[in-house]
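Participant: My structure file data37.txt, compact mmCIF, C-alpha atoms, is below:
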```
# COMPACT_ATOMS: atom_id res chain seq x y z
CA MET T 1403 5.77 -53.78 29.04
CA LEU T 1404 3.38 -51.49 30.94
CA LYS T 1405 2.69 -48.13 29.35
CA GLN T 1406 3.72 -45.16 31.42
CA ARG T 1407 0.94 -42.70 32.20
CA GLY T 1408 3.16 -39.81 31.12
CA ASP T 1409 3.76 -41.42 27.71
CA THR T 1410 0.02 -41.87 27.20
CA ASN T 1411 -0.71 -38.27 28.19
CA GLU T 1412 2.01 -36.97 25.90
CA ARG T 1413 0.69 -39.02 22.98
CA ALA T 1414 -2.87 -37.82 23.61
CA LYS T 1415 -1.64 -34.24 23.74
CA LYS T 1416 0.03 -34.60 20.35
CA ILE T 1417 -3.10 -36.14 18.84
CA CYS T 1418 -5.31 -33.24 19.91
CA SER T 1419 -2.76 -30.51 19.09
CA GLY T 1420 -3.60 -28.24 16.21
CA LYS T 1421 -1.29 -26.33 13.92
CA VAL T 1422 -0.14 -22.74 13.60
CA TRP T 1423 0.49 -21.07 10.25
CA LEU T 1424 2.65 -17.93 10.40
CA VAL T 1425 1.48 -16.23 7.23
CA GLY T 1426 3.12 -13.37 5.38
CA ALA T 1427 0.35 -11.23 3.90
CA GLY T 1428 2.63 -9.02 1.82
CA PRO T 1429 2.61 -5.21 1.87
CA GLY T 1430 -1.08 -4.53 1.27
CA ASP T 1431 -2.42 -5.49 -2.15
CA ALA T 1432 -4.56 -8.61 -1.71
CA GLU T 1433 -3.50 -9.85 -5.15
CA LEU T 1434 0.04 -10.22 -3.82
CA LEU T 1435 -1.05 -12.96 -1.41
CA THR T 1436 0.42 -16.33 -2.32
CA VAL T 1437 -1.89 -19.23 -3.14
CA LYS T 1438 -0.53 -21.03 -0.08
CA ALA T 1439 -1.29 -18.05 2.16
CA LEU T 1440 -4.88 -17.91 0.95
CA ARG T 1441 -5.30 -21.64 1.51
CA ALA T 1442 -4.05 -21.26 5.09
CA ILE T 1443 -6.47 -18.41 5.71
CA ASN T 1444 -9.39 -20.44 4.38
CA SER T 1445 -8.46 -23.48 6.46
CA ALA T 1446 -8.16 -21.60 9.76
CA ASP T 1447 -10.32 -22.16 12.84
CA ILE T 1448 -9.14 -18.85 14.29
CA ILE T 1449 -7.18 -15.88 12.89
CA PHE T 1450 -4.86 -13.41 14.61
CA TYR T 1451 -3.78 -10.48 12.44
CA ASP T 1452 -1.38 -7.54 12.66
CA TYR T 1453 -1.67 -3.79 12.24
CA LEU T 1454 -0.20 -3.84 8.71
CA VAL T 1455 -2.65 -6.41 7.32
CA SER T 1456 -4.75 -4.28 4.97
CA ALA T 1457 -8.53 -4.01 4.95
CA GLU T 1458 -8.48 -5.51 1.46
CA ILE T 1459 -6.81 -8.65 2.79
CA ARG T 1460 -9.01 -8.77 5.90
CA ALA T 1461 -12.04 -8.80 3.60
CA LEU T 1462 -10.86 -12.23 2.41
CA PHE T 1463 -11.11 -13.77 5.89
CA PRO T 1464 -13.86 -16.42 6.06
CA LYS T 1465 -16.95 -14.81 7.60
CA ASN T 1466 -17.54 -17.67 10.03
CA VAL T 1467 -13.99 -17.68 11.44
CA PRO T 1468 -13.15 -15.53 14.51
CA ALA T 1469 -10.50 -12.93 13.64
CA HIS T 1470 -8.69 -11.04 16.40
CA TYR T 1471 -6.48 -7.97 16.12
CA VAL T 1472 -3.14 -8.42 17.91
CA GLY T 1473 -1.20 -5.65 16.18
CA LYS T 1474 1.45 -3.21 17.31
CA ALA T 1475 1.46 0.40 16.21
CA LYS T 1476 3.97 2.87 17.64
CA ASN T 1477 3.42 3.06 21.41
CA GLN T 1478 0.16 1.14 20.98
CA HIS T 1479 0.58 -2.59 21.58
CA SER T 1480 -2.72 -4.47 21.76
CA ILE T 1481 -0.97 -7.40 23.45
CA ALA T 1482 2.53 -8.04 24.77
CA GLN T 1483 4.64 -10.31 22.55
CA ASP T 1484 5.17 -12.91 25.30
CA ASP T 1485 1.43 -13.06 25.94
CA LEU T 1486 0.76 -13.44 22.23
CA ASN T 1487 3.26 -16.29 21.99
CA GLN T 1488 1.45 -18.14 24.78
CA LEU T 1489 -1.93 -17.41 23.22
CA LEU T 1490 -0.85 -19.09 19.99
CA VAL T 1491 0.42 -22.11 21.92
CA LYS T 1492 -2.80 -22.47 23.91
CA GLN T 1493 -5.04 -22.20 20.87
CA ALA T 1494 -3.07 -24.91 19.08
CA GLN T 1495 -3.11 -27.14 22.18
CA GLN T 1496 -6.90 -27.00 21.99
CA GLY T 1497 -6.67 -28.66 18.58
CA LEU T 1498 -7.33 -25.54 16.50
CA THR T 1499 -5.76 -24.60 13.19
CA VAL T 1500 -4.41 -21.13 13.91
CA CYS T 1501 -3.60 -18.57 11.23
CA ARG T 1502 -1.26 -15.85 12.48
CA ILE T 1503 -1.17 -13.23 9.71
CA LYS T 1504 1.58 -10.63 9.46
CA GLY T 1505 2.16 -7.78 7.05
CA GLY T 1506 5.05 -8.33 4.66
CA ASP T 1507 7.15 -11.39 5.45
CA PRO T 1508 7.16 -13.00 8.94
CA PHE T 1509 10.96 -13.31 8.94
CA VAL T 1510 11.73 -9.70 7.91
CA PHE T 1511 11.30 -7.51 11.00
CA GLY T 1512 8.11 -9.43 11.80
CA ARG T 1513 9.10 -11.36 14.95
CA GLY T 1514 8.27 -14.55 13.10
CA GLY T 1515 11.41 -16.22 14.43
CA GLU T 1516 10.39 -15.49 18.03
CA GLU T 1517 6.92 -16.93 17.57
CA LEU T 1518 8.11 -19.98 15.66
CA LEU T 1519 10.71 -20.76 18.33
CA GLU T 1520 8.10 -20.50 21.09
CA LEU T 1521 5.68 -22.76 19.24
CA ARG T 1522 8.22 -25.44 18.40
CA THR T 1523 9.65 -25.35 21.93
CA ALA T 1524 6.12 -26.15 23.13
CA GLY T 1525 5.90 -29.05 20.68
CA ILE T 1526 3.37 -27.32 18.43
CA GLU T 1527 3.38 -28.01 14.71
CA ALA T 1528 4.07 -24.68 13.05
CA GLU T 1529 4.94 -23.56 9.55
CA VAL T 1530 5.91 -20.22 8.00
CA ILE T 1531 4.45 -19.02 4.72
CA PRO T 1532 6.68 -16.30 3.26
CA GLY T 1533 5.18 -13.07 1.99
CA ILE T 1534 6.44 -10.29 -0.25
CA THR T 1535 8.39 -8.01 2.05
CA SER T 1536 7.61 -4.29 1.93
CA ALA T 1537 11.00 -3.31 0.49
CA SER T 1538 10.38 -5.41 -2.62
CA GLY T 1539 6.66 -4.74 -3.01
CA CYS T 1540 6.64 -1.01 -2.34
CA SER T 1541 9.72 -0.22 -4.41
CA THR T 1542 8.34 -2.20 -7.35
CA TYR T 1543 5.00 -0.39 -7.23
CA ALA T 1544 6.95 2.88 -7.16
CA ASP T 1545 9.01 1.96 -10.26
CA ILE T 1546 12.23 1.82 -8.22
CA PRO T 1547 14.40 -1.30 -8.71
CA LEU T 1548 16.27 -2.22 -5.54
CA THR T 1549 19.33 -3.15 -7.60
CA HIS T 1550 20.34 -1.95 -11.04
CA ARG T 1551 23.48 -2.57 -13.06
CA GLY T 1552 25.84 0.36 -12.75
CA LEU T 1553 23.92 1.89 -9.84
CA SER T 1554 23.65 -0.63 -7.03
CA GLN T 1555 24.95 -4.18 -6.72
CA GLY T 1556 23.33 -4.85 -3.37
CA CYS T 1557 20.48 -3.95 -1.04
CA THR T 1558 20.49 -3.67 2.75
CA PHE T 1559 17.39 -3.68 4.95
CA VAL T 1560 17.55 -1.73 8.22
CA THR T 1561 14.91 -1.39 10.93
CA GLY T 1562 14.31 2.10 12.24
CA HIS T 1563 12.62 0.72 15.34
CA ALA T 1564 14.66 0.81 18.55
CA GLU T 1565 14.12 1.50 22.24
CA LYS T 1566 16.65 4.37 22.28
CA SER T 1567 19.26 4.82 19.53
CA LEU T 1568 19.72 2.61 16.48
CA ASP T 1569 22.51 0.06 16.92
CA VAL T 1570 23.86 0.43 13.39
CA ASN T 1571 27.35 0.78 11.90
CA TRP T 1572 26.51 3.95 10.00
CA ASP T 1573 29.96 4.42 8.47
CA ALA T 1574 29.79 0.91 6.99
CA LEU T 1575 26.27 1.52 5.65
CA ALA T 1576 27.34 4.77 4.01
CA GLN T 1577 30.29 3.09 2.27
CA LEU T 1578 28.49 -0.04 1.02
CA ASN T 1579 27.30 1.48 -2.25
CA HIS T 1580 24.07 -0.45 -1.63
CA THR T 1581 20.47 0.58 -1.83
CA LEU T 1582 19.43 1.18 1.78
CA VAL T 1583 15.86 0.46 2.81
CA PHE T 1584 14.66 1.63 6.22
CA TYR T 1585 11.57 0.02 7.72
CA MET T 1586 9.70 1.90 10.46
CA GLY T 1587 12.04 4.85 10.11
CA LEU T 1588 9.75 7.89 10.01
CA THR T 1589 10.42 9.03 13.56
CA ARG T 1590 14.16 8.45 13.01
CA ALA T 1591 14.40 10.47 9.79
CA ASP T 1592 16.66 13.15 11.32
CA GLU T 1593 18.97 10.53 12.83
CA ILE T 1594 19.12 8.48 9.61
CA ALA T 1595 20.01 11.53 7.51
CA ALA T 1596 22.57 12.91 9.97
CA LYS T 1597 24.35 9.57 10.50
CA LEU T 1598 24.56 8.72 6.80
CA LEU T 1599 25.82 12.21 5.95
CA ALA T 1600 28.44 11.93 8.70
CA GLY T 1601 29.41 8.54 7.28
CA GLY T 1602 30.23 10.12 3.94
CA LEU T 1603 27.07 9.67 1.85
CA ALA T 1604 26.50 12.65 -0.45
CA ALA T 1605 23.86 15.18 0.54
CA ASP T 1606 22.20 14.95 -2.88
CA THR T 1607 21.80 11.16 -2.69
CA PRO T 1608 18.19 10.56 -3.80
CA VAL T 1609 15.66 9.31 -1.25
CA ALA T 1610 12.17 7.94 -1.80
CA ILE T 1611 9.57 7.93 0.94
CA ILE T 1612 6.79 5.48 0.09
CA GLU T 1613 3.61 5.83 2.14
CA ASN T 1614 0.94 3.10 2.11
CA GLY T 1615 2.90 1.05 -0.37
CA CYS T 1616 1.02 -1.44 -2.58
CA ARG T 1617 -2.32 0.09 -1.66
CA GLN T 1618 -4.71 2.27 -3.61
CA ASN T 1619 -3.58 5.36 -1.71
CA GLN T 1620 0.16 4.78 -2.19
CA ARG T 1621 2.11 8.02 -2.20
CA ASP T 1622 5.72 8.39 -3.42
CA ILE T 1623 7.71 11.40 -2.23
CA ILE T 1624 11.11 11.96 -3.84
CA SER T 1625 13.72 14.00 -2.03
CA THR T 1626 17.42 13.94 -1.11
CA LEU T 1627 19.32 12.65 1.89
CA GLN T 1628 19.83 16.18 3.17
CA ASP T 1629 16.23 17.27 2.74
CA PHE T 1630 14.06 14.19 3.30
CA PRO T 1631 13.50 14.68 7.08
CA GLU T 1632 11.92 18.04 6.26
CA ALA T 1633 9.86 16.39 3.49
CA VAL T 1634 8.47 13.87 6.01
CA ILE T 1635 7.16 16.78 8.10
CA ARG T 1636 6.08 18.99 5.19
CA GLU T 1637 4.13 16.21 3.47
CA HIS T 1638 2.64 14.91 6.75
CA VAL T 1639 3.83 11.39 5.97
CA GLN T 1640 2.06 8.74 8.02
CA SER T 1641 2.88 5.13 8.86
CA PRO T 1642 3.21 2.68 7.20
CA ALA T 1643 6.01 4.22 5.21
CA LEU T 1644 9.30 2.98 3.79
CA ILE T 1645 12.47 5.02 3.20
CA ILE T 1646 14.69 4.07 0.25
CA VAL T 1647 18.14 5.67 -0.03
CA GLY T 1648 20.32 5.29 -3.11
CA GLU T 1649 20.96 6.08 -6.75
CA VAL T 1650 18.30 3.56 -7.87
CA VAL T 1651 15.66 6.12 -6.85
CA ARG T 1652 16.59 8.10 -9.97
CA MET T 1653 15.27 5.20 -12.06
CA LYS T 1654 11.71 6.14 -11.14
CA GLU T 1655 11.77 9.29 -13.26
CA LYS T 1656 13.46 7.52 -16.19
CA LEU T 1657 10.99 4.63 -16.21
CA GLN T 1658 7.94 6.86 -15.92
CA MET T 1659 9.29 9.17 -18.64
CA GLN T 1660 9.21 6.21 -21.05
CA VAL T 1661 5.54 5.65 -20.27
CA GLN T 1662 4.78 9.31 -20.92
CA LEU T 1663 6.68 9.25 -24.23
CA HIS T 1664 4.82 6.19 -25.51
CA THR T 1665 1.49 7.63 -24.36
CA ALA T 1666 2.21 10.84 -26.26
CA GLU T 1667 3.18 8.86 -29.38
CA GLU T 1668 -0.05 6.85 -29.24
CA LYS T 1669 -2.13 10.02 -28.93
CA TYR T 1670 -0.30 11.57 -31.89
CA LEU T 1671 -0.88 8.47 -34.07
CA LEU T 1672 -4.57 8.40 -33.16
CA ALA T 1673 -5.06 12.11 -33.83
```
I need this file expressed as C-alpha cells, please.

Facilitator:
Amino acid sequence: MLKQRGDTNERAKKICSGKVWLVGAGPGDAELLTVKALRAINSADIIFYDYLVSAEIRALFPKNVPAHYVGKAKNQHSIAQDDLNQLLVKQAQQGLTVCRIKGGDPFVFGRGGEELLELRTAGIEAEVIPGITSASGCSTYADIPLTHRGLSQGCTFVTGHAEKSLDVNWDALAQLNHTLVFYMGLTRADEIAAKLLAGGLAADTPVAIIENGCRQNQRDIISTLQDFPEAVIREHVQSPALIIVGEVVRMKEKLQMQVQLHTAEEKYLLA
C-alpha cells in the first residue's frame, strides 16, 4: 500500500515535536519546589515564567537557557493569553522542551487548564507538575491551619479577580462554616467584607492578610471582617497578598504563644 503524503508529514511532525511542562513553582520559597519541578526546569530548552515566580526561584534557572517573562500583573499583561498559548505550541513544534513556570499550582487560578487544552488540541505532548498553592503555603508559614477540629471542617478557595463584579453566591459562602481564602482580592476588599457581612458572617470574624507569603519579607496582618478593608489601606498592603477569613485565624496567636512560653522557660533554665 502506498503511503499517503499527509500521513508521512504528520508522522514527521510528531517526531520533531517537543514537550511542554506546565510547572507549579509554589508560593515563593525555592525550597518548596518539588524535585520533579526542578528536574523539568533543568531539562528545559526554553523557559516562560509568570509574575509570581520569585527571584529566589528564578535564580535556579540554568544560566544557558533563555528565560522569558510572560506574566500578568493587575492591568499589566505582558502578553495576551491566546498569544501565549500559541507561543507554547510553536516552540514545542520546533522540537524544544518548554518549561512554562507558574506561581503556586497551575490548576488553581493559574489558567493551567486553558494552556493544557490548547497544547493537547494541537497534538503537543504536555504534562502538569503540581505546586503548593498559595492558600496552603502562605497559611502554613503564618501558623494558620486551613482546617482545625472544632473550628472549620472545610476550606473554600475564591478568586477575587473579575472583569466587573464577582460572580459568587455570597450567602452560601457566609453560611458554609468553612475557612474562606481569597486569591487576588486586595482591590475587592470592600466588596468581600460587605457581601459576607450581608450574608450573615459576624463582624468580628477574624481575617488574616498575608503579603508576600513564603518569602523572606512575608507580612501577616490580623484584623476582623468588619475592619480588614481599612487595614489593607492603612498598612499599604501590596500584591501578592492572600486574604483568609475564618475562626482558624485565631490559631495563629495560640500557636505562637506556645513558642514564646517555651522560649521563656529555656531562658529561665539557662539563667

Participant: With all atoms listed in the file as the atoms that count, which of T:Ala1475, T:Leu1599, T:Ala1457, T:Ile1449 lies nearest to Gln1628 in chain T?

Facilitator: T:Leu1599

Participant: Pick out the residues sitting within 12 Å of Ser1480 in chain T, and hand them over as an NGL selection string; count all atoms listed in the file, and ignore anything fewer than 3 positions along from it in its own chain.

Facilitator: :T and (1450-1453 or 1470-1477 or 1483 or 1485-1486)

Participant: Which residues, written as number ranges by chain, have at least one atom at most 12 Å from range 1514-1520 of chain T, with all atoms listed in the file counted and residues fewer than 3 positions away on the same chain left out?

Facilitator: T: 1421-1426, 1452, 1483-1492, 1502-1511, 1523-1533

Participant: Report, in Å with one decimal, the straight-line distance from CA of Arg1617 in chain T to CA of Thr1499 in chain T.

Facilitator: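 It comes out at 29.0 Å.
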
Participant: In Å, rounded to a single decimal, give me how far CA of Gly1615 in chain T is from CA of Tyr1543 in chain T.

Facilitator: 7.3 Å

Participant: One decimal, Å: what's the distance from CA of Val1500 in chain T over to CA of Ser1456 in chain T, could you say?

Facilitator: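 One can read the CA of Val1500 in chain T to CA of Ser1456 in chain T distance as 19.1 Å.
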
Participant: Restricting the calculation to all atoms listed in the file, which member of T:Gln1496, T:Leu1454, T:Val1560, T:Asp1592 is positioned closest to Ser1641 in chain T?

Facilitator: T:Leu1454

Participant: Report as a ChimeraX atom specification all protein, DNA and RNA residues lying within 12 Å of Arg1441 in chain T, evaluated on only C-alpha atoms, omitting residues in the same chain fewer than 3 positions from it.

Facilitator: /T:1423,1425,1435-1438,1444-1446,1462-1464,1501,1531

Participant: Near Ile1612 in chain T, within 8 Å and counting only C-alpha atoms, which residues show up once chain neighbours fewer than 5 positions away are dropped, as a list in words?

Facilitator: Cys1540, Ser1541, Ala1544, Gln1620, Arg1621, Asp1622, Ile1623, Ala1643, Leu1644 and Ile1645 of chain T

Participant: Within 12 Å of His1638 in chain T, counting only C-alpha atoms, which residues show up once you throw out same-chain ones fewer than 2 positions away? Write them as a list in words, please.

Facilitator: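 Contacts, in chain order: Leu1588, Thr1589, Ile1611, Glu1613, Arg1621, Ile1623, Phe1630, Pro1631, Glu1632, Ala1633, Val1634, Ile1635, Arg1636, Gln1640, Ser1641 and Ala1643 of chain T.
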